[in-house]
$ cat protein.tsv   # TSV, C-alpha atoms
chain	number	residue	atom	x	y	z
A	4	MET	CA	12.34	16.55	22.74
A	5	ALA	CA	9.57	14.04	23.62
A	6	LYS	CA	7.78	12.57	20.62
A	7	ARG	CA	4.12	13.50	20.33
A	8	ARG	CA	1.56	10.71	20.11
A	9	VAL	CA	0.00	10.04	16.70
A	10	VAL	CA	-3.37	8.43	15.96
A	11	VAL	CA	-5.29	7.38	12.85
A	12	THR	CA	-8.53	9.29	12.28
A	13	GLY	CA	-9.33	8.71	8.59
A	14	LEU	CA	-9.09	5.96	5.97
A	15	GLY	CA	-9.50	5.94	2.17
A	16	ILE	CA	-9.04	3.27	-0.48
A	17	VAL	CA	-9.25	2.61	-4.23
A	18	SER	CA	-8.76	-1.08	-4.93
A	19	PRO	CA	-9.65	-4.23	-6.88
A	20	LEU	CA	-11.97	-5.16	-3.98
A	21	GLY	CA	-13.89	-1.91	-4.23
A	22	SER	CA	-13.23	1.77	-3.77
A	23	THR	CA	-14.76	2.35	-0.36
A	24	ILE	CA	-13.43	1.16	2.97
A	25	ALA	CA	-16.62	-0.79	3.60
A	26	SER	CA	-16.53	-2.72	0.30
A	27	ALA	CA	-12.81	-3.50	0.42
A	28	TRP	CA	-12.90	-4.63	4.05
A	29	GLU	CA	-15.99	-6.77	3.39
A	30	GLY	CA	-14.05	-8.46	0.60
A	31	ILE	CA	-11.08	-9.12	2.86
A	32	CYS	CA	-13.17	-10.47	5.72
A	33	ASN	CA	-15.00	-12.81	3.37
A	34	GLY	CA	-11.90	-14.03	1.56
A	35	ARG	CA	-13.01	-12.62	-1.77
A	36	SER	CA	-10.50	-12.27	-4.62
A	37	GLY	CA	-10.33	-9.07	-6.66
A	38	ILE	CA	-8.25	-10.67	-9.41
A	39	ARG	CA	-9.87	-10.97	-12.84
A	40	THR	CA	-9.09	-11.11	-16.55
A	41	LEU	CA	-7.81	-7.66	-17.53
A	42	THR	CA	-10.27	-5.54	-19.52
A	43	ARG	CA	-8.58	-2.19	-20.16
A	44	LEU	CA	-5.36	-3.46	-21.74
A	45	ASP	CA	-5.09	-5.72	-24.76
A	46	THR	CA	-3.02	-8.60	-23.40
A	47	THR	CA	-3.00	-10.71	-26.57
A	48	ALA	CA	0.76	-10.40	-26.96
A	49	PHE	CA	1.47	-11.06	-23.28
A	50	PRO	CA	1.78	-14.33	-21.35
A	51	VAL	CA	-0.23	-12.75	-18.50
A	52	HIS	CA	-3.90	-11.82	-18.94
A	53	ILE	CA	-4.97	-11.28	-15.32
A	54	GLY	CA	-4.60	-8.63	-12.66
A	55	GLY	CA	-6.29	-6.52	-10.04
A	56	GLU	CA	-8.05	-3.69	-11.81
A	57	VAL	CA	-9.73	-1.03	-9.68
A	58	THR	CA	-13.49	-1.42	-9.28
A	59	GLY	CA	-16.21	0.95	-8.11
A	60	PHE	CA	-14.20	4.10	-8.77
A	61	ASN	CA	-15.32	7.19	-10.66
A	62	ALA	CA	-12.48	9.71	-10.96
A	63	GLU	CA	-14.94	12.54	-11.61
A	64	ASP	CA	-16.27	12.13	-8.08
A	65	TYR	CA	-12.99	13.69	-6.95
A	66	MET	CA	-11.62	15.74	-9.86
A	67	SER	CA	-13.11	17.74	-12.71
A	68	PRO	CA	-13.40	15.94	-16.07
A	69	LYS	CA	-10.80	18.34	-17.45
A	70	ASP	CA	-8.31	17.48	-14.70
A	71	VAL	CA	-8.97	13.77	-15.04
A	72	ARG	CA	-7.91	14.03	-18.69
A	73	LYS	CA	-4.79	16.04	-17.84
A	74	TYR	CA	-3.39	13.67	-15.24
A	75	ASP	CA	-2.03	10.16	-15.39
A	76	PRO	CA	-4.47	7.60	-13.88
A	77	PHE	CA	-2.39	7.14	-10.73
A	78	VAL	CA	-3.21	10.74	-9.81
A	79	PRO	CA	-7.03	10.41	-9.61
A	80	PHE	CA	-6.53	7.16	-7.70
A	81	GLY	CA	-4.39	8.98	-5.13
A	82	VAL	CA	-6.68	11.99	-4.98
A	83	GLY	CA	-9.67	9.70	-4.49
A	84	ALA	CA	-8.10	7.81	-1.60
A	85	GLY	CA	-6.69	10.98	-0.04
A	86	LEU	CA	-9.98	12.87	-0.14
A	87	GLN	CA	-11.89	9.85	1.12
A	88	ALA	CA	-9.56	9.63	4.11
A	89	PHE	CA	-9.78	13.34	4.83
A	90	ARG	CA	-13.58	13.33	4.66
A	91	ASP	CA	-13.67	10.25	6.88
A	92	SER	CA	-11.59	12.08	9.50
A	93	GLY	CA	-14.20	14.83	9.89
A	94	LEU	CA	-11.53	17.51	9.74
A	95	GLU	CA	-12.19	20.95	8.32
A	96	VAL	CA	-9.53	23.18	6.82
A	97	THR	CA	-9.49	26.77	8.10
A	98	ASP	CA	-7.16	29.72	7.77
A	99	GLU	CA	-5.96	28.92	11.29
A	100	ASN	CA	-4.99	25.29	10.69
A	101	ARG	CA	-4.17	24.93	6.97
A	102	ALA	CA	-0.41	25.42	7.53
A	103	ARG	CA	-0.46	22.58	10.09
A	104	ILE	CA	-2.00	20.00	7.74
A	105	GLY	CA	0.26	18.24	5.24
A	106	ILE	CA	0.52	15.28	2.92
A	107	ALA	CA	3.00	12.49	2.11
A	108	MET	CA	1.80	10.50	-0.91
A	109	GLY	CA	4.04	8.83	-3.47
A	110	ALA	CA	4.11	6.12	-6.12
A	111	GLY	CA	6.50	3.34	-6.95
A	112	ILE	CA	6.39	3.84	-10.72
A	113	GLY	CA	4.11	6.83	-11.35
A	114	GLY	CA	2.89	8.15	-14.68
A	115	LEU	CA	3.88	5.31	-16.98
A	116	SER	CA	0.90	5.51	-19.32
A	117	THR	CA	1.43	9.24	-19.86
A	118	ILE	CA	5.11	8.66	-20.59
A	119	GLU	CA	4.26	5.95	-23.12
A	120	GLU	CA	1.57	8.05	-24.83
A	121	ASN	CA	3.78	11.09	-25.25
A	122	THR	CA	6.73	9.01	-26.40
A	123	ALA	CA	4.53	7.48	-29.09
A	124	LYS	CA	3.40	10.95	-30.22
A	125	TRP	CA	7.00	12.14	-30.43
A	126	LEU	CA	8.16	9.11	-32.39
A	127	GLU	CA	5.28	9.43	-34.83
A	128	ALA	CA	5.79	13.12	-35.61
A	129	LEU	CA	9.33	13.88	-34.41
A	130	THR	CA	8.22	17.33	-33.33
A	131	PRO	CA	7.77	18.67	-29.78
A	132	ARG	CA	4.49	20.25	-30.85
A	133	LYS	CA	2.84	16.83	-30.42
A	134	ILE	CA	3.98	16.54	-26.79
A	135	SER	CA	1.34	17.56	-24.28
A	136	PRO	CA	2.20	20.63	-22.18
A	137	PHE	CA	0.70	18.65	-19.29
A	138	PHE	CA	3.07	15.72	-19.83
A	139	ILE	CA	5.47	16.53	-16.98
A	140	PRO	CA	3.08	18.05	-14.41
A	141	GLY	CA	0.56	15.32	-15.17
A	142	SER	CA	2.89	12.38	-14.67
A	143	ILE	CA	5.50	13.29	-12.03
A	144	ILE	CA	5.45	11.30	-8.80
A	145	ASN	CA	4.30	14.18	-6.59
A	146	ALA	CA	1.29	15.01	-8.78
A	147	ALA	CA	-1.17	13.18	-6.52
A	148	ALA	CA	0.17	14.81	-3.35
A	149	GLY	CA	0.10	18.18	-5.04
A	150	GLN	CA	-3.47	17.78	-6.25
A	151	VAL	CA	-4.76	16.76	-2.82
A	152	SER	CA	-2.94	19.74	-1.30
A	153	ILE	CA	-4.41	22.14	-3.87
A	154	HIS	CA	-7.90	20.68	-3.58
A	155	LEU	CA	-7.96	21.01	0.22
A	156	GLY	CA	-5.89	24.19	0.44
A	157	ILE	CA	-3.45	22.66	2.93
A	158	ARG	CA	-0.02	24.27	3.31
A	159	GLY	CA	1.82	21.90	5.62
A	160	PRO	CA	4.59	19.53	4.46
A	161	ASN	CA	3.96	18.32	0.90
A	162	LEU	CA	6.01	15.19	0.21
A	163	ALA	CA	6.18	12.40	-2.34
A	164	LEU	CA	8.42	9.43	-1.60
A	165	VAL	CA	9.56	6.89	-4.19
A	166	THR	CA	10.82	3.63	-2.70
A	167	ALA	CA	9.35	1.01	-5.03
A	168	CYS	CA	6.85	-1.26	-3.28
A	169	THR	CA	7.70	0.23	0.13
A	170	THR	CA	6.66	3.73	-0.98
A	171	SER	CA	3.41	4.13	0.92
A	172	THR	CA	4.70	2.39	4.05
A	173	HIS	CA	7.58	4.85	4.14
A	174	SER	CA	5.15	7.69	3.43
A	175	ILE	CA	3.08	6.76	6.48
A	176	GLY	CA	6.14	6.44	8.69
A	177	ILE	CA	7.68	9.73	7.60
A	178	ALA	CA	4.32	11.50	7.89
A	179	ALA	CA	3.96	10.24	11.45
A	180	ARG	CA	7.39	11.56	12.30
A	181	CYS	CA	6.44	14.95	10.88
A	182	ILE	CA	3.72	15.01	13.52
A	183	GLN	CA	5.81	13.48	16.30
A	184	TYR	CA	8.46	16.17	15.94
A	185	GLY	CA	6.12	19.11	15.42
A	186	ASP	CA	6.25	19.85	11.68
A	187	ALA	CA	2.50	19.28	11.38
A	188	ASP	CA	-0.53	18.37	13.46
A	189	VAL	CA	-2.24	16.37	10.71
A	190	MET	CA	-0.84	14.45	7.74
A	191	ILE	CA	-2.57	12.59	4.91
A	192	ALA	CA	-0.29	9.67	4.02
A	193	GLY	CA	-0.28	6.88	1.46
A	194	GLY	CA	0.42	6.04	-2.14
A	195	SER	CA	-1.10	5.22	-5.51
A	196	GLU	CA	-0.24	3.21	-8.61
A	197	ALA	CA	-1.60	2.63	-12.12
A	198	ALA	CA	0.91	0.60	-14.12
A	199	PHE	CA	-1.28	-1.55	-16.36
A	200	THR	CA	0.41	-0.41	-19.56
A	201	PRO	CA	2.33	-2.35	-22.21
A	202	LEU	CA	5.65	-1.42	-20.65
A	203	GLY	CA	4.48	-1.94	-17.08
A	204	LEU	CA	2.96	-5.37	-17.64
A	205	GLY	CA	5.56	-6.35	-20.22
A	206	SER	CA	8.50	-5.58	-17.96
A	207	PHE	CA	7.22	-7.78	-15.14
A	208	CYS	CA	6.37	-10.50	-17.66
A	209	GLN	CA	9.90	-10.43	-19.06
A	210	ALA	CA	11.26	-10.70	-15.52
A	211	ARG	CA	9.06	-13.80	-15.09
A	212	ALA	CA	7.78	-12.29	-11.87
A	213	LEU	CA	4.04	-12.70	-12.54
A	214	SER	CA	1.64	-15.60	-12.15
A	215	THR	CA	0.43	-17.05	-15.45
A	216	ARG	CA	-2.57	-18.83	-13.92
A	217	ASN	CA	-4.77	-17.09	-16.51
A	218	ASP	CA	-7.58	-19.66	-16.44
A	219	GLU	CA	-8.11	-19.25	-12.68
A	220	PRO	CA	-7.66	-15.56	-11.86
A	221	ALA	CA	-9.16	-15.78	-8.38
A	222	ARG	CA	-6.73	-18.57	-7.46
A	223	ALA	CA	-3.63	-16.99	-8.99
A	224	SER	CA	-2.24	-15.09	-5.99
A	225	ARG	CA	-0.97	-17.87	-3.71
A	226	PRO	CA	1.40	-16.61	-1.01
A	227	TRP	CA	3.35	-19.38	0.75
A	228	ASP	CA	1.68	-22.07	-1.36
A	229	ARG	CA	3.92	-24.76	-2.84
A	230	ASP	CA	2.33	-24.15	-6.26
A	231	ARG	CA	2.75	-20.36	-6.33
A	232	ASP	CA	4.18	-19.07	-9.59
A	233	GLY	CA	4.63	-15.33	-9.06
A	234	PHE	CA	2.75	-12.27	-7.93
A	235	VAL	CA	-0.39	-10.77	-9.45
A	236	MET	CA	-0.06	-7.14	-10.47
A	237	SER	CA	-2.73	-4.68	-9.31
A	238	GLU	CA	-3.52	-0.98	-9.23
A	239	GLY	CA	-5.15	1.45	-6.82
A	240	ALA	CA	-4.42	3.68	-3.86
A	241	GLY	CA	-4.60	3.87	-0.11
A	242	ALA	CA	-4.45	6.80	2.30
A	243	ILE	CA	-4.78	7.36	6.02
A	244	VAL	CA	-5.11	10.52	8.08
A	245	LEU	CA	-2.60	10.72	10.91
A	246	GLU	CA	-3.25	13.23	13.66
A	247	GLU	CA	-1.57	14.36	16.86
A	248	TYR	CA	-3.42	12.65	19.71
A	249	GLU	CA	-4.36	15.72	21.76
A	250	HIS	CA	-5.44	17.53	18.58
A	251	ALA	CA	-7.75	14.63	17.70
A	252	ARG	CA	-9.10	14.31	21.22
A	253	ALA	CA	-9.81	18.03	21.51
A	254	ARG	CA	-12.12	17.93	18.50
A	255	GLY	CA	-13.81	14.68	19.54
A	256	ALA	CA	-12.46	12.72	16.57
A	257	ARG	CA	-13.19	9.04	16.06
A	258	ILE	CA	-9.85	7.26	16.46
A	259	TYR	CA	-9.24	3.97	14.64
A	260	ALA	CA	-5.91	3.11	16.24
A	261	GLU	CA	-2.67	4.64	17.43
A	262	PHE	CA	0.46	4.78	15.32
A	263	ALA	CA	3.04	3.04	17.50
A	264	GLY	CA	6.25	2.39	15.57
A	265	PHE	CA	8.16	2.65	12.30
A	266	GLY	CA	11.25	0.78	11.15
A	267	MET	CA	13.37	1.01	8.00
A	268	SER	CA	16.32	-0.90	6.59
A	269	GLY	CA	18.19	-1.81	3.43
A	270	ASP	CA	19.17	-5.26	2.16
A	271	ALA	CA	22.46	-4.23	0.52
A	272	HIS	CA	22.13	-7.48	-1.40
A	273	HIS	CA	20.40	-7.49	-4.81
A	274	VAL	CA	18.18	-5.17	-6.82
A	275	THR	CA	15.18	-7.56	-6.90
A	276	ALA	CA	15.90	-10.62	-4.74
A	277	PRO	CA	15.99	-10.63	-0.91
A	278	PRO	CA	18.80	-12.36	0.98
A	279	GLU	CA	17.89	-15.89	2.02
A	280	ASP	CA	18.26	-15.04	5.70
A	281	GLY	CA	15.80	-12.15	5.38
A	282	GLU	CA	18.17	-9.85	7.22
A	283	GLY	CA	16.83	-6.59	5.80
A	284	ALA	CA	13.24	-7.57	6.57
A	285	ARG	CA	14.22	-8.73	10.04
A	286	LEU	CA	15.95	-5.45	10.76
A	287	ALA	CA	12.95	-3.37	9.63
A	288	MET	CA	10.62	-5.34	11.90
A	289	VAL	CA	12.99	-5.18	14.86
A	290	ASN	CA	13.38	-1.43	14.39
A	291	ALA	CA	9.61	-0.92	14.22
A	292	VAL	CA	8.96	-2.98	17.35
A	293	ARG	CA	11.73	-1.13	19.19
A	294	ASP	CA	10.33	2.22	18.07
A	295	ALA	CA	6.94	1.13	19.42
A	296	GLY	CA	8.53	0.43	22.80
A	297	ILE	CA	7.11	-3.07	23.02
A	298	ASP	CA	8.39	-6.64	23.20
A	299	PRO	CA	8.11	-8.79	20.05
A	300	GLY	CA	5.79	-11.11	21.94
A	301	GLN	CA	3.17	-8.36	22.18
A	302	VAL	CA	2.51	-8.33	18.42
A	303	ASP	CA	-0.74	-10.16	17.68
A	304	TYR	CA	-0.91	-9.88	13.89
A	305	ILE	CA	1.49	-9.35	11.00
A	306	ASN	CA	0.24	-8.24	7.58
A	307	ALA	CA	3.10	-9.69	5.56
A	308	HIS	CA	4.56	-8.36	2.34
A	309	ALA	CA	4.26	-11.92	0.94
A	310	THR	CA	3.72	-11.45	-2.77
A	311	ALA	CA	3.69	-15.16	-3.77
A	312	THR	CA	7.21	-15.29	-5.15
A	313	GLU	CA	9.33	-18.29	-4.20
A	314	LEU	CA	12.29	-16.34	-2.78
A	315	GLY	CA	10.33	-13.52	-1.18
A	316	ASP	CA	7.87	-15.67	0.75
A	317	ARG	CA	10.61	-17.88	2.13
A	318	ALA	CA	12.86	-14.97	3.10
A	319	GLU	CA	10.04	-13.18	4.94
A	320	THR	CA	9.19	-16.37	6.83
A	321	VAL	CA	12.81	-16.69	7.94
A	322	ALA	CA	12.89	-12.98	8.84
A	323	ILE	CA	9.77	-13.30	11.02
A	324	LYS	CA	11.28	-16.30	12.83
A	325	ARG	CA	14.50	-14.42	13.46
A	326	ALA	CA	12.76	-11.20	14.55
A	327	PHE	CA	10.15	-12.81	16.82
A	328	GLY	CA	11.91	-15.91	18.11
A	329	ASP	CA	9.59	-18.37	19.85
A	330	HIS	CA	6.67	-15.98	19.38
A	331	ALA	CA	6.85	-16.49	15.59
A	332	ALA	CA	5.03	-19.80	15.99
A	333	ARG	CA	2.15	-18.09	17.82
A	334	VAL	CA	1.67	-14.79	15.98
A	335	ALA	CA	-0.96	-14.69	13.24
A	336	VAL	CA	0.53	-13.79	9.84
A	337	SER	CA	-1.44	-13.27	6.64
A	338	SER	CA	-1.09	-11.88	3.15
A	339	THR	CA	-4.01	-9.79	1.96
A	340	LYS	CA	-2.25	-9.75	-1.43
A	341	SER	CA	-3.85	-13.17	-1.89
A	342	MET	CA	-7.07	-11.19	-2.42
A	343	THR	CA	-5.96	-7.78	-3.70
A	344	GLY	CA	-2.89	-8.75	-5.68
A	345	HIS	CA	0.18	-6.52	-5.41
A	346	LEU	CA	-0.61	-2.80	-5.64
A	347	LEU	CA	3.11	-1.95	-5.94
A	348	GLY	CA	3.67	1.55	-4.51
A	349	ALA	CA	0.16	1.61	-3.04
A	350	ALA	CA	0.43	-1.79	-1.34
A	351	GLY	CA	1.80	-0.59	1.98
A	352	ALA	CA	-0.98	1.93	2.59
A	353	VAL	CA	-3.73	-0.52	1.62
A	354	GLU	CA	-2.24	-3.16	3.91
A	355	ALA	CA	-1.81	-0.66	6.75
A	356	ILE	CA	-5.53	0.07	6.41
A	357	PHE	CA	-6.36	-3.64	6.71
A	358	SER	CA	-4.07	-3.89	9.75
A	359	ILE	CA	-5.85	-0.95	11.38
A	360	LEU	CA	-9.27	-2.48	10.67
A	361	ALA	CA	-8.06	-5.80	12.12
A	362	ILE	CA	-7.45	-3.91	15.36
A	363	ARG	CA	-10.80	-2.14	15.21
A	364	ASP	CA	-12.88	-5.24	14.54
A	365	GLY	CA	-10.83	-8.01	16.15
A	366	VAL	CA	-10.56	-9.84	12.85
A	367	LEU	CA	-7.48	-11.58	11.45
A	368	PRO	CA	-7.59	-11.29	7.63
A	369	PRO	CA	-7.12	-14.61	5.87
A	370	THR	CA	-4.64	-15.84	3.32
A	371	ILE	CA	-6.71	-17.42	0.56
A	372	ASN	CA	-5.43	-19.98	-1.98
A	373	LEU	CA	-3.03	-21.48	0.56
A	374	GLU	CA	-3.91	-25.08	-0.24
A	375	ASN	CA	-0.54	-26.86	-0.36
A	376	PRO	CA	1.85	-25.05	2.01
A	377	ASP	CA	5.49	-24.77	1.05
A	378	PRO	CA	7.32	-26.87	3.68
A	379	ALA	CA	9.76	-23.97	4.11
A	380	CYS	CA	6.84	-21.66	4.99
A	381	ASP	CA	5.43	-23.02	8.23
A	382	LEU	CA	3.92	-20.17	10.27
A	383	ASP	CA	0.28	-19.50	11.13
A	384	TYR	CA	-0.83	-17.80	7.91
A	385	VAL	CA	-4.58	-17.76	8.79
A	386	PRO	CA	-5.34	-19.98	5.78
A	387	GLY	CA	-8.69	-19.96	4.00
A	388	SER	CA	-10.96	-17.78	6.09
A	389	ALA	CA	-10.82	-14.88	8.52
A	390	ARG	CA	-10.53	-15.53	12.23
A	391	GLN	CA	-11.96	-13.64	15.17
A	392	ALA	CA	-9.27	-12.65	17.66
A	393	PRO	CA	-8.41	-9.55	19.68
A	394	VAL	CA	-5.59	-7.56	18.08
A	395	ARG	CA	-3.74	-5.19	20.40
A	396	PHE	CA	-0.67	-4.63	18.21
A	397	ALA	CA	-0.50	-5.14	14.43
A	398	LEU	CA	2.61	-4.93	12.26
A	399	SER	CA	2.58	-4.30	8.50
A	400	ASN	CA	5.54	-5.10	6.23
A	401	SER	CA	6.61	-3.73	2.84
A	402	PHE	CA	9.76	-4.64	0.91
A	403	GLY	CA	10.76	-3.11	-2.42
A	404	PHE	CA	13.13	-3.43	-5.35
A	405	GLY	CA	16.53	-2.02	-4.53
A	406	GLY	CA	16.36	-3.73	-1.14
A	407	THR	CA	14.31	-1.04	0.60
A	408	ASN	CA	12.26	-2.19	3.59
A	409	GLY	CA	9.70	-0.68	5.94
A	410	SER	CA	7.53	-1.88	8.81
A	411	LEU	CA	4.74	-0.11	10.68
A	412	VAL	CA	3.22	-0.92	14.07
A	413	PHE	CA	-0.29	0.16	15.05
A	414	LYS	CA	-1.98	-0.43	18.39
A	415	ALA	CA	-5.42	-0.37	19.89
A	416	LEU	CA	-6.12	2.80	21.82

$ encode --input "protein.tsv" --output "C-alpha cells"
Amino acid sequence: MAKRRVVVTGLGIVSPLGSTIASAWEGICNGRSGIRTLTRLDTTAFPVHIGGEVTGFNAEDYMSPKDVRKYDPFVPFGVGAGLQAFRDSGLEVTDENRARIGIAMGAGIGGLSTIEENTAKWLEALTPRKISPFFIPGSIINAAAGQVSIHLGIRGPNLALVTACTTSTHSIGIAARCIQYGDADVMIAGGSEAAFTPLGLGSFCQARALSTRNDEPARASRPWDRDRDGFVMSEGAGAIVLEEYEHARARGARIYAEFAGFGMSGDAHHVTAPPEDGEGARLAMVNAVRDAGIDPGQVDYINAHATATELGDRAETVAIKRAFGDHAARVAVSSTKSMTGHLLGAAGAVEAIFSILAIRDGVLPPTINLENPDPACDLDYVPGSARQAPVRFALSNSFGFGGTNGSLVFKAL
C-alpha cells in the first residue's frame, strides 16, 4: 500500500512567548526570552525561582468556566492549542467527515496539580468524601485529547501518547501515519504540560537538572554554552493540523509545509542520561531522514532538543555529526528552548511549529545566550539573532527520559 501524502494546514500554541502563533513566532524571530521569575507558585523553599509561565492565555476562551475548574491546567492548555490549530486550518466538521477527523494529543507528566490537591484533601480528612469525583477524568493524560474531540464532535482516532519529553513529537508522527495508512483524513496532533507544582518543580530541583540563574531569568537557558547550568522548566501546549494532501487541495486549504518523515529509537542506556556517542539520537534522525526519502545533505535546518544540560547538549552534537557526516558543519542548528525554556511533553509540538514557520518564512531561529561556546559543541547554532535563509527541509528533535527519541522532517511544498 502506497503511503498517502500529509501536509500541515493549521497551527496552535500556548507558550511563555505568547499564546498565539503570531506572538510566539515574533518572539522567536526577535530572540526574545519568555523566562521570568515565577508568579503562580511560592518558590521560597526551592533553589529555583524562574521558569517559563504561559502568557496571554485565557482558558475561558476555549472552555466553560465550569469545565476549567474541573480539569487540571494542562487540559485547557491542550484544548486551547488544539482549537486554535483547527480554527486556523479552516476545516468544518460535518456528519459526512467527523469520523475521518481524529486527534493525538498527550502529556509527559499530566495532571500533577490535581493529584497533589486531592492527595492533600485525603490526608487531611482520611475520607474519600473529600476526593473530587472529577479527580480521575480531570487529570488523566488523555483528558485534553478527549475534550478537543468532544468539543469538535470528531469521531476519528482519539489517542494520547506518553513518552516523556518526546510525547508531542511522537504524537505528530503517529498522527501522520494514521493519515498515511488511511485511518483518518485529518488529525490534530500535539501535546500539553502544566507541571509548575511543588512536586513537579521540587523533583527537578532535587535531580539538580534546573538552572539556578535566578537573578538573570532571561539569560538562564543557555544551550551549548560553556556556562550552562541546567534547563529551564516551562509550561504550555502546541498543536498542528495534519491533513491528507489531496483532501487539503480539494478544499483550497492554505498549506504551511508537507510532513516528510518520522523516526523513532530507544537509547537502551540510562533513565535520564543519554549515551556519550548519542547513538539513540543519531538513529532517530537517520530513521526520519530515510523515511523522508532524502539525503542527509538536503536538510537545511535542525531544531535541536538541546535543553542546556551538559551531557545532553554534547551528546546531541555528537549525534548530529554522526548522522549528517560532513554536512553537519554546514547545516544550521538552533535551540528555541533558549527562549521558551523546556515545555516537557509539549516541547516537540512547539518546536515542530517553529520548524514549520522557518520553512514558511525562510528564517533560521536563533539560539540566544550562547556567549561562551562549549568547545565540545562546535556546530553552527545560529547564535544571538535569527538569520534569513531558504529552508527546504527542516528536522525537529525530541529526546525523553527513559531513552525515548523522536525526529520529524518537514519540507517546503

$ closest_atom_pairs --input "protein.tsv" --of "region 246-269 of chain A" --to "region 4-20 of chain A" --cutoff "10 Å" --atoms "only C-alpha atoms" --output "JSON lines"
{"residue": "A:Glu246", "atom": "CA", "partner": "A:Val10", "partner_atom": "CA", "distance": 5.3}
{"residue": "A:Glu247", "atom": "CA", "partner": "A:Val9", "partner_atom": "CA", "distance": 4.6}
{"residue": "A:Tyr248", "atom": "CA", "partner": "A:Val9", "partner_atom": "CA", "distance": 5.3}
{"residue": "A:Glu249", "atom": "CA", "partner": "A:Arg8", "partner_atom": "CA", "distance": 7.9}
{"residue": "A:His250", "atom": "CA", "partner": "A:Val9", "partner_atom": "CA", "distance": 9.4}
{"residue": "A:Ala251", "atom": "CA", "partner": "A:Thr12", "partner_atom": "CA", "distance": 7.6}
{"residue": "A:Arg252", "atom": "CA", "partner": "A:Val10", "partner_atom": "CA", "distance": 9.8}
{"residue": "A:Ala256", "atom": "CA", "partner": "A:Thr12", "partner_atom": "CA", "distance": 6.8}
{"residue": "A:Arg257", "atom": "CA", "partner": "A:Thr12", "partner_atom": "CA", "distance": 6.0}
{"residue": "A:Ile258", "atom": "CA", "partner": "A:Thr12", "partner_atom": "CA", "distance": 4.8}
{"residue": "A:Tyr259", "atom": "CA", "partner": "A:Val11", "partner_atom": "CA", "distance": 5.5}
{"residue": "A:Ala260", "atom": "CA", "partner": "A:Val11", "partner_atom": "CA", "distance": 5.5}
{"residue": "A:Glu261", "atom": "CA", "partner": "A:Val10", "partner_atom": "CA", "distance": 4.1}
{"residue": "A:Phe262", "atom": "CA", "partner": "A:Val10", "partner_atom": "CA", "distance": 5.3}
{"residue": "A:Ala263", "atom": "CA", "partner": "A:Val9", "partner_atom": "CA", "distance": 7.7}
{"residue": "A:Gly264", "atom": "CA", "partner": "A:Val9", "partner_atom": "CA", "distance": 9.9}

$ closest_residue --input "protein.tsv" --among "A:Ala415, A:Leu382, A:Val189, A:Leu347" --to "Glu95 (chain A)" --atoms "all atoms listed in the file"
A:Val189

$ closest_atom_pairs --input "protein.tsv" --of "region 199-243 of chain A" --to "region 141-158 of chain A" --cutoff "12 Å" --atoms "all atoms listed in the file" --output "Markdown table"
| residue | atom | partner | partner_atom | distance |
| --- | --- | --- | --- | --- |
| A:Ala240 | CA | A:Ala147 | CA | 10.4 |
| A:Gly241 | CA | A:Ala147 | CA | 11.8 |
| A:Ala242 | CA | A:Ala148 | CA | 10.8 |

$ atom_distance --input "protein.tsv" --atom1 "CA of Val165 (chain A)" --atom2 "CA of Tyr304 (chain A)"
26.8 Å

$ atom_distance --input "protein.tsv" --atom1 "CA of Asp298 (chain A)" --atom2 "CA of Asp383 (chain A)"
19.4 Å

$ atom_distance --input "protein.tsv" --atom1 "CA of Ser36 (chain A)" --atom2 "CA of Gly205 (chain A)"
23.2 Å

$ residues_around --input "protein.tsv" --residues "Asn61 (chain A)" --least-positions-apart "5" --cutoff "10 Å" --atoms "only C-alpha atoms" --output "list in words"
Val17, Ser22, Met66, Pro79, Phe80 and Gly83 of chain A

$ closest_residue --input "protein.tsv" --among "A:Ala163, A:Arg101, A:Ser206, A:Lys73" --to "Ser135 (chain A)" --atoms "all atoms listed in the file"
A:Lys73

$ residues_around --input "protein.tsv" --residues "region 266-278 of chain A" --least-positions-apart "5" --cutoff "10 Å" --atoms "only C-alpha atoms" --output "PyMOL selection string"
chain A and resi 169+172-173+176+210+283-295+312+314-319+322+400-412

$ residues_around --input "protein.tsv" --residues "Arg35 (chain A)" --least-positions-apart "4" --cutoff "9 Å" --atoms "all atoms listed in the file" --output "ChimeraX atom specification"
/A:20,29-31,221,342-343,371

$ closest_residue --input "protein.tsv" --among "A:Pro226, A:Pro160, A:Gly233, A:Gly37" --to "Ala187 (chain A)" --atoms "all atoms listed in the file"
A:Pro160

$ axis_aligned_box --input "protein.tsv" --around "region 88-94 of chain A" --padding-each-side "5 Å" --output "AutoDock Vina command-line options"
--center_x -11.9 --center_y 13.6 --center_z 7.0 --size_x 14.6 --size_y 17.9 --size_z 15.8

$ closest_residue --input "protein.tsv" --among "A:Ile106, A:Ala88, A:Ala179, A:Ile297" --to "Ala397 (chain A)" --atoms "all atoms listed in the file"
A:Ile297

$ build_atoms --input "protein.tsv" --residues "region 398-404 of chain A" --atoms "N, CA and C atoms" --output "PDB file, in the frame of the given file"
ATOM      1  N   LEU A 398       1.432  -5.372  13.008  1.00  0.00           N
ATOM      2  CA  LEU A 398       2.610  -4.930  12.260  1.00  0.00           C
ATOM      3  C   LEU A 398       2.385  -5.162  10.789  1.00  0.00           C
ATOM      4  N   SER A 399       2.752  -4.196   9.949  1.00  0.00           N
ATOM      5  CA  SER A 399       2.580  -4.300   8.500  1.00  0.00           C
ATOM      6  C   SER A 399       3.922  -4.137   7.811  1.00  0.00           C
ATOM      7  N   ASN A 400       4.245  -5.077   6.918  1.00  0.00           N
ATOM      8  CA  ASN A 400       5.540  -5.100   6.230  1.00  0.00           C
ATOM      9  C   ASN A 400       5.434  -4.689   4.767  1.00  0.00           C
ATOM     10  N   SER A 401       6.461  -3.997   4.273  1.00  0.00           N
ATOM     11  CA  SER A 401       6.610  -3.730   2.840  1.00  0.00           C
ATOM     12  C   SER A 401       8.087  -3.813   2.480  1.00  0.00           C
ATOM     13  N   PHE A 402       8.377  -4.499   1.386  1.00  0.00           N
ATOM     14  CA  PHE A 402       9.760  -4.640   0.910  1.00  0.00           C
ATOM     15  C   PHE A 402       9.785  -4.342  -0.584  1.00  0.00           C
ATOM     16  N   GLY A 403      10.757  -3.550  -1.042  1.00  0.00           N
ATOM     17  CA  GLY A 403      10.760  -3.110  -2.420  1.00  0.00           C
ATOM     18  C   GLY A 403      12.048  -3.395  -3.171  1.00  0.00           C
ATOM     19  N   PHE A 404      11.952  -3.311  -4.504  1.00  0.00           N
ATOM     20  CA  PHE A 404      13.130  -3.430  -5.350  1.00  0.00           C
ATOM     21  C   PHE A 404      14.198  -2.434  -4.874  1.00  0.00           C
TER      22      PHE A 404
END
